[in-house]
Structure formats: C-alpha cells, structure tokens
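Asks: I have a structure I would like to understand better, so I am pasting it below and will then ask my questions one at a time.
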Amino acid sequence: MAKQRTIALAGNPNTGKSTIFNALTGGRQHVGNWPGKTVEKKEGTCKYNGSEFQVVDLPGTYSLTAYSLEEVIARDFVIDERPDLVVVVVDSANLERNLYLVVQIVEMGARVVVALNMSDIADSRGFRIDVPLLSQGLGAPVIPTVASKGQGLDELKKAIVEATGS
Amino acid sequence: MMPLAMVSPGEEVRLVCIRGGRRMRKRLADLGLNLGMTVRVLQREGRGPLILAVKDSRLAVGRGMAHKILVQPC
C-alpha cells in the first residue's frame, strides 16, 4: 500500500470544517453552530476508491498570523507538518472574508482544494458564484458543497484524490 | 462619532476610525473589519465581548477593542 497521505481541513471559524470532517471520516466529532467549537485538532481516516487518507480537522482561524491558541495550532500544522493537501472550507455566503485565508494558504505554496461550503445559503441569499473563474484565479480546484445535507461530498473526495495524485 | 462599545444592540453603524496599533489593525483586517463598512451590534451584555453582524455572519469583538473602534450611525 502506498504511503498514507495527510489532508488538513482549514478555514474560518464556523464554516463547517467539522461537518465535512465527519462526512469524510464517518466520525462523530461534535458540531455546533457557533464559532470556536473546535479547539484542538482531531484526526480520522477517509477511504475512497481504494485510497486511504489521514484527515486532520483543525480549529478555525481567520488568518495565518495567529492570534489565539487555537489559531496557533491551525497555523503550525499547516506550516510545520506540511500536509499533502489542505482543504480550505469557506462559507460561500461570506466569500470576501474567507478568501483572505485561502489566498494566504495558497501563497504559502500548499496544495489546496477549496470547498465552497454552505452554497445553499449563498444561493438563497441570491449570490451567484462563478466557480470556474474562482478556481482559475486561485489556481486550485473549487467544489461547491452543502456538507450538512451531504451534497458535493463525492465531488470533493474525487478532487482530493486527484489533487494528491493517488 | 462614538466608540463601537457604546452602540446599543440592534443599531447599525459604519466604521470610521480605528484607534489602535499595527497589531490591532491587522487583527481587524483578518476578521474582515475595514473602515467604511457597516456592522450591526447583535449583543452587548455586561462587560463581555460584543457580537456583531457583518455581512451575514457573526463576529465577536472584545470590549477593549470595541472601545478603540470609532463608528458613526448610519
């Protein structure tokens, strides 16, 4: 079996990282609708089409210039442990603020897949996001998801497999 | 002009001045709070942080910081 790859879930607080983590790993990480729910990193494994991944759920952070202890945990993991892939979970209804972190992670040279989570809420607010253009601008695959309803997760897994080249 | 910390819950205000150092400005930029934008105070209880509504999401800002952010009603 090939070396197990590590993917990290990063993103602003309260964007659904843990919901995606649970959906990928079948875990039962506690999920709550308030910022700052996850304060330490949690790990699990995800299997898809014969590939196996180690998935790490990081606490939410607004930027890589870490401010609080949870943010330091998230930053140090992305910078020091160098995961094979960082899945940045963003709140589609709040793209402007969320993309700030995405760009910081992309600029660090990490391999990135963006999960446009809560895309149903963005839809209901009337936002139309040009996914191909966003993907082109960031130089990373962008996958719309609604993790709470399980939408887009297969596409996300596929993108993870393709991006890590396994 | 008044400090954000003085704004009552429910009121909507525009950020006009940040009286803080480089670190604080950076932190506010990280949070997506910039001059000229409009925020609504959702909660201000006791001495704890304020909860703001900024573009469809909630954000908590410490009382100390909220005293250094000057706003105008809009």
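Going through the structure tokens in order, the chains are called A, B, and so on, while each chain numbers its residues from 1 and the ligands are numbered from 1 in the order shown.
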Give me, as CSV, each residue of chain A that comes within 9 Å of chain B, together with its shortest interatomic pair and the distance in Å at one decimal, counting only C-alpha atoms, with rows ordered by chain and rising residue number.
Replies:
residue,atom,partner,partner_atom,distance
A:Trp34,CA,B:Arg58,CA,8.7
A:Pro35,CA,B:Leu59,CA,8.2
A:Tyr62,CA,B:Asp30,CA,5.6
A:Ser63,CA,B:Asp30,CA,5.7
A:Leu64,CA,B:Asp30,CA,8.9
A:Thr65,CA,B:Asp30,CA,8.4
A:Tyr67,CA,B:Arg27,CA,7.7
A:Ala93,CA,B:Asp56,CA,7.0
A:Asn94,CA,B:Lys55,CA,6.9
A:Glu96,CA,B:Gly32,CA,7.9
A:Arg97,CA,B:Gly32,CA,5.2
A:Asn98,CA,B:Gly32,CA,8.5
A:Tyr100,CA,B:Asp30,CA,7.5
A:Leu101,CA,B:Asp30,CA,8.2
Asks: Can you tell me, as a list in words, what residues are no more than 10 Å from Tyr48 in chain A when counting only C-alpha atoms, ignoring any on the same chain fewer than 6 positions away?
Replies: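 So, after excluding close chain neighbours, the residues are Leu24, Asp154, Lys157, Lys158, Ile160 and Val161 of chain A.
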Asks: Keeping only N, CA, C and O atoms, take the residues you just selected and write them out as a PDB file, in the first residue's frame.
Replies:
ATOM      1  N   LEU A  24     -16.508  12.956   5.814  1.00  0.00           N
ATOM      2  CA  LEU A  24     -15.412  12.249   5.141  1.00  0.00           C
ATOM      3  C   LEU A  24     -14.992  11.009   5.909  1.00  0.00           C
ATOM      4  O   LEU A  24     -14.672   9.975   5.337  1.00  0.00           O
ATOM      5  N   ASP A 154     -19.028  13.707  -2.700  1.00  0.00           N
ATOM      6  CA  ASP A 154     -18.357  12.796  -3.621  1.00  0.00           C
ATOM      7  C   ASP A 154     -17.406  13.559  -4.531  1.00  0.00           C
ATOM      8  O   ASP A 154     -16.282  13.129  -4.772  1.00  0.00           O
ATOM      9  N   LYS A 157     -14.368  14.441  -2.560  1.00  0.00           N
ATOM     10  CA  LYS A 157     -13.440  13.312  -2.398  1.00  0.00           C
ATOM     11  C   LYS A 157     -12.664  13.076  -3.683  1.00  0.00           C
ATOM     12  O   LYS A 157     -11.469  12.797  -3.668  1.00  0.00           O
ATOM     13  N   LYS A 158     -13.389  13.193  -4.811  1.00  0.00           N
ATOM     14  CA  LYS A 158     -12.734  12.983  -6.095  1.00  0.00           C
ATOM     15  C   LYS A 158     -11.637  14.019  -6.297  1.00  0.00           C
ATOM     16  O   LYS A 158     -10.517  13.687  -6.705  1.00  0.00           O
ATOM     17  N   ILE A 160     -10.033  15.583  -4.036  1.00  0.00           N
ATOM     18  CA  ILE A 160      -8.928  15.314  -3.102  1.00  0.00           C
ATOM     19  C   ILE A 160      -8.012  14.246  -3.673  1.00  0.00           C
ATOM     20  O   ILE A 160      -6.785  14.382  -3.676  1.00  0.00           O
ATOM     21  N   VAL A 161      -8.619  13.185  -4.199  1.00  0.00           N
ATOM     22  CA  VAL A 161      -7.822  12.108  -4.775  1.00  0.00           C
ATOM     23  C   VAL A 161      -6.994  12.623  -5.955  1.00  0.00           C
ATOM     24  O   VAL A 161      -5.799  12.358  -6.055  1.00  0.00           O
TER      25      VAL A 161
END
Asks: Would you give me, as a PyMOL selection string, the residues in chain B that DSSP reads as strand (DSSP E or B)?
Replies: chain B and resi 2-3+12-18+38-44+50-54+57-61+69-73
Asks: For the selection just defined, write its residues with N, CA and C atoms to a file, as a compact mmCIF listing (two decimals), in the first residue's frame.
Replies:
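The new file again.txt reads:
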# COMPACT_ATOMS: atom_id res chain seq x y z
N MET B 2 -18.61 57.83 17.82
CA MET B 2 -18.53 57.25 19.16
C MET B 2 -17.90 55.86 19.10
N PRO B 3 -17.44 55.37 20.26
CA PRO B 3 -16.83 54.04 20.24
C PRO B 3 -17.87 52.96 19.96
N GLU B 12 -27.29 49.96 13.71
CA GLU B 12 -26.37 49.73 12.62
C GLU B 12 -25.43 50.93 12.51
N VAL B 13 -24.14 50.65 12.39
CA VAL B 13 -23.17 51.74 12.36
C VAL B 13 -22.11 51.49 11.30
N ARG B 14 -21.42 52.58 10.95
CA ARG B 14 -20.34 52.49 9.97
C ARG B 14 -19.01 52.72 10.68
N LEU B 15 -18.00 51.92 10.33
CA LEU B 15 -16.70 52.07 10.97
C LEU B 15 -15.97 53.26 10.33
N VAL B 16 -15.56 54.23 11.16
CA VAL B 16 -14.91 55.40 10.58
C VAL B 16 -13.47 55.59 11.02
N CYS B 17 -13.08 55.02 12.16
CA CYS B 17 -11.71 55.25 12.62
C CYS B 17 -11.27 54.13 13.54
N ILE B 18 -10.04 53.69 13.39
CA ILE B 18 -9.51 52.66 14.28
C ILE B 18 -8.35 53.26 15.06
N THR B 38 -20.29 48.59 7.12
CA THR B 38 -21.41 48.71 8.04
C THR B 38 -21.55 47.44 8.85
N VAL B 39 -21.74 47.61 10.15
CA VAL B 39 -21.97 46.45 11.00
C VAL B 39 -23.16 46.72 11.91
N ARG B 40 -23.77 45.66 12.40
CA ARG B 40 -24.87 45.82 13.33
C ARG B 40 -24.48 45.12 14.63
N VAL B 41 -24.75 45.76 15.74
CA VAL B 41 -24.46 45.13 17.03
C VAL B 41 -25.61 44.20 17.37
N LEU B 42 -25.29 42.94 17.62
CA LEU B 42 -26.33 41.97 17.95
C LEU B 42 -26.48 41.83 19.46
N GLN B 43 -25.35 41.88 20.14
CA GLN B 43 -25.41 41.62 21.57
C GLN B 43 -24.33 42.41 22.28
N ARG B 44 -24.71 42.99 23.41
CA ARG B 44 -23.72 43.70 24.24
C ARG B 44 -24.19 43.55 25.67
N LEU B 50 -18.60 42.07 22.37
CA LEU B 50 -19.78 42.41 21.58
C LEU B 50 -19.92 41.38 20.47
N ILE B 51 -21.14 41.07 20.13
CA ILE B 51 -21.35 40.22 18.97
C ILE B 51 -21.90 41.08 17.85
N LEU B 52 -21.22 41.02 16.72
CA LEU B 52 -21.59 41.87 15.59
C LEU B 52 -22.13 41.03 14.45
N ALA B 53 -23.00 41.64 13.67
CA ALA B 53 -23.41 41.01 12.42
C ALA B 53 -22.68 41.75 11.31
N VAL B 54 -21.85 41.00 10.59
CA VAL B 54 -21.10 41.58 9.48
C VAL B 54 -21.39 40.75 8.26
N SER B 57 -22.65 37.18 8.71
CA SER B 57 -22.06 36.27 9.68
C SER B 57 -21.85 37.00 10.99
N ARG B 58 -21.66 36.23 12.03
CA ARG B 58 -21.47 36.82 13.34
C ARG B 58 -19.99 36.85 13.68
N LEU B 59 -19.64 37.88 14.42
CA LEU B 59 -18.24 38.07 14.79
C LEU B 59 -18.23 38.59 16.22
N ALA B 60 -17.32 38.06 17.04
CA ALA B 60 -17.21 38.59 18.39
C ALA B 60 -15.99 39.50 18.47
N VAL B 61 -16.17 40.65 19.08
CA VAL B 61 -15.07 41.61 19.24
C VAL B 61 -14.97 41.96 20.72
N ILE B 69 -12.57 51.29 18.39
CA ILE B 69 -13.12 51.40 17.04
C ILE B 69 -14.20 52.49 17.07
N LEU B 70 -13.98 53.54 16.30
CA LEU B 70 -14.96 54.63 16.31
C LEU B 70 -15.93 54.47 15.15
N VAL B 71 -17.19 54.73 15.46
CA VAL B 71 -18.23 54.49 14.46
C VAL B 71 -19.17 55.69 14.36
N GLN B 72 -19.94 55.69 13.29
CA GLN B 72 -20.96 56.69 13.07
C GLN B 72 -22.28 55.99 12.81
N PRO B 73 -23.36 56.52 13.32
CA PRO B 73 -24.65 55.90 12.99
C PRO B 73 -24.93 56.04 11.51
Asks: I'd like the neighbourhood of Arg47 in chain B as a list of chain:residue names, where a residue qualifies if any of its atoms comes within 10 Å (using only C-alpha atoms), though same-chain residues fewer than 4 positions away should be ignored.
Replies: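 The residues that qualify are B:Ala5, B:Gly62, B:Arg63, B:Gly64.
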Asks: Store the residues of this selection in a file with N, CA and C atoms, as an mmCIF file, in the first residue's frame.
Replies:
data_model
loop_
_atom_site.group_PDB
_atom_site.id
_atom_site.type_symbol
_atom_site.label_atom_id
_atom_site.label_comp_id
_atom_site.auth_asym_id
_atom_site.auth_seq_id
_atom_site.Cartn_x
_atom_site.Cartn_y
_atom_site.Cartn_z
ATOM 1 N N ALA B 5 -18.121 50.280 21.327
ATOM 2 C CA ALA B 5 -18.548 49.687 22.595
ATOM 3 C C ALA B 5 -19.789 50.376 23.181
ATOM 4 N N GLY B 62 -13.774 41.874 21.270
ATOM 5 C CA GLY B 62 -13.574 42.166 22.689
ATOM 6 C C GLY B 62 -13.944 43.601 23.034
ATOM 7 N N ARG B 63 -14.315 43.786 24.287
ATOM 8 C CA ARG B 63 -14.751 45.119 24.708
ATOM 9 C C ARG B 63 -13.635 46.153 24.545
ATOM 10 N N GLY B 64 -12.420 45.743 24.881
ATOM 11 C CA GLY B 64 -11.291 46.675 24.767
ATOM 12 C C GLY B 64 -11.117 47.164 23.340
#
Asks: Quick one: residues within 12 Å of Gly137 in chain A, only C-alpha atoms counted, chain neighbours fewer than 6 positions away excluded, as number ranges by chain?
Replies: A: 99, 102-103, 106, 130-131
Asks: From the options A:Ser148, A:Thr164, A:Ser18, A:Ser119, which residue's atoms come nearest to Leu58 in chain A, counting only C-alpha atoms?
Replies: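 Checking each candidate against Leu58 in chain A, we get A:Ser18 as the closest.
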Asks: Using CA of Gly20 in chain B and CA of Val78 in chain A as the two end points, give the distance in Å to one decimal.
Replies: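 Computing the Euclidean distance for CA of Gly20 in chain B and CA of Val78 in chain A yields 29.3 Å.
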Asks: Taking only C-alpha atoms into account, which of A:Asp84, A:Glu40, A:Asp57, A:Glu52 comes nearest Glu70 in chain A?
Replies: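 Counting only C-alpha atoms, the residue closest to Glu70 in chain A is A:Glu40.
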Asks: Separation of CA of Gly165 in chain A and CA of Arg111 in chain A, in Å?
Replies: 11.1 Å
Asks: Can you measure CA of His67 in chain B to CA of Met6 in chain B for me? One decimal in Å is fine.
Replies: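 Taking CA of His67 in chain B as the start and CA of Met6 in chain B as the end point, the length is 7.8 Å.
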Asks: Show me, as a JSON list (two decimals) with C-alpha atoms, in the first residue's frame, the residues that have an atom within 10 Å of Gln4 in chain A when counting only C-alpha atoms, minus same-chain residues fewer than 6 positions from it.
Replies:
[["chain", "number", "residue", "atom", "x", "y", "z"],
["A", 45, "THR", "CA", -9.27, 8.35, 8.14],
["A", 51, "SER", "CA", -7.21, 5.27, -1.47],
["A", 52, "GLU", "CA", -6.92, 5.98, 2.19],
["A", 53, "PHE", "CA", -6.28, 9.36, 3.73],
["A", 54, "GLN", "CA", -5.48, 10.66, 7.11],
["A", 84, "ASP", "CA", -0.14, 16.68, 1.32],
["A", 166, "SER", "CA", -3.01, 8.96, -5.72]]
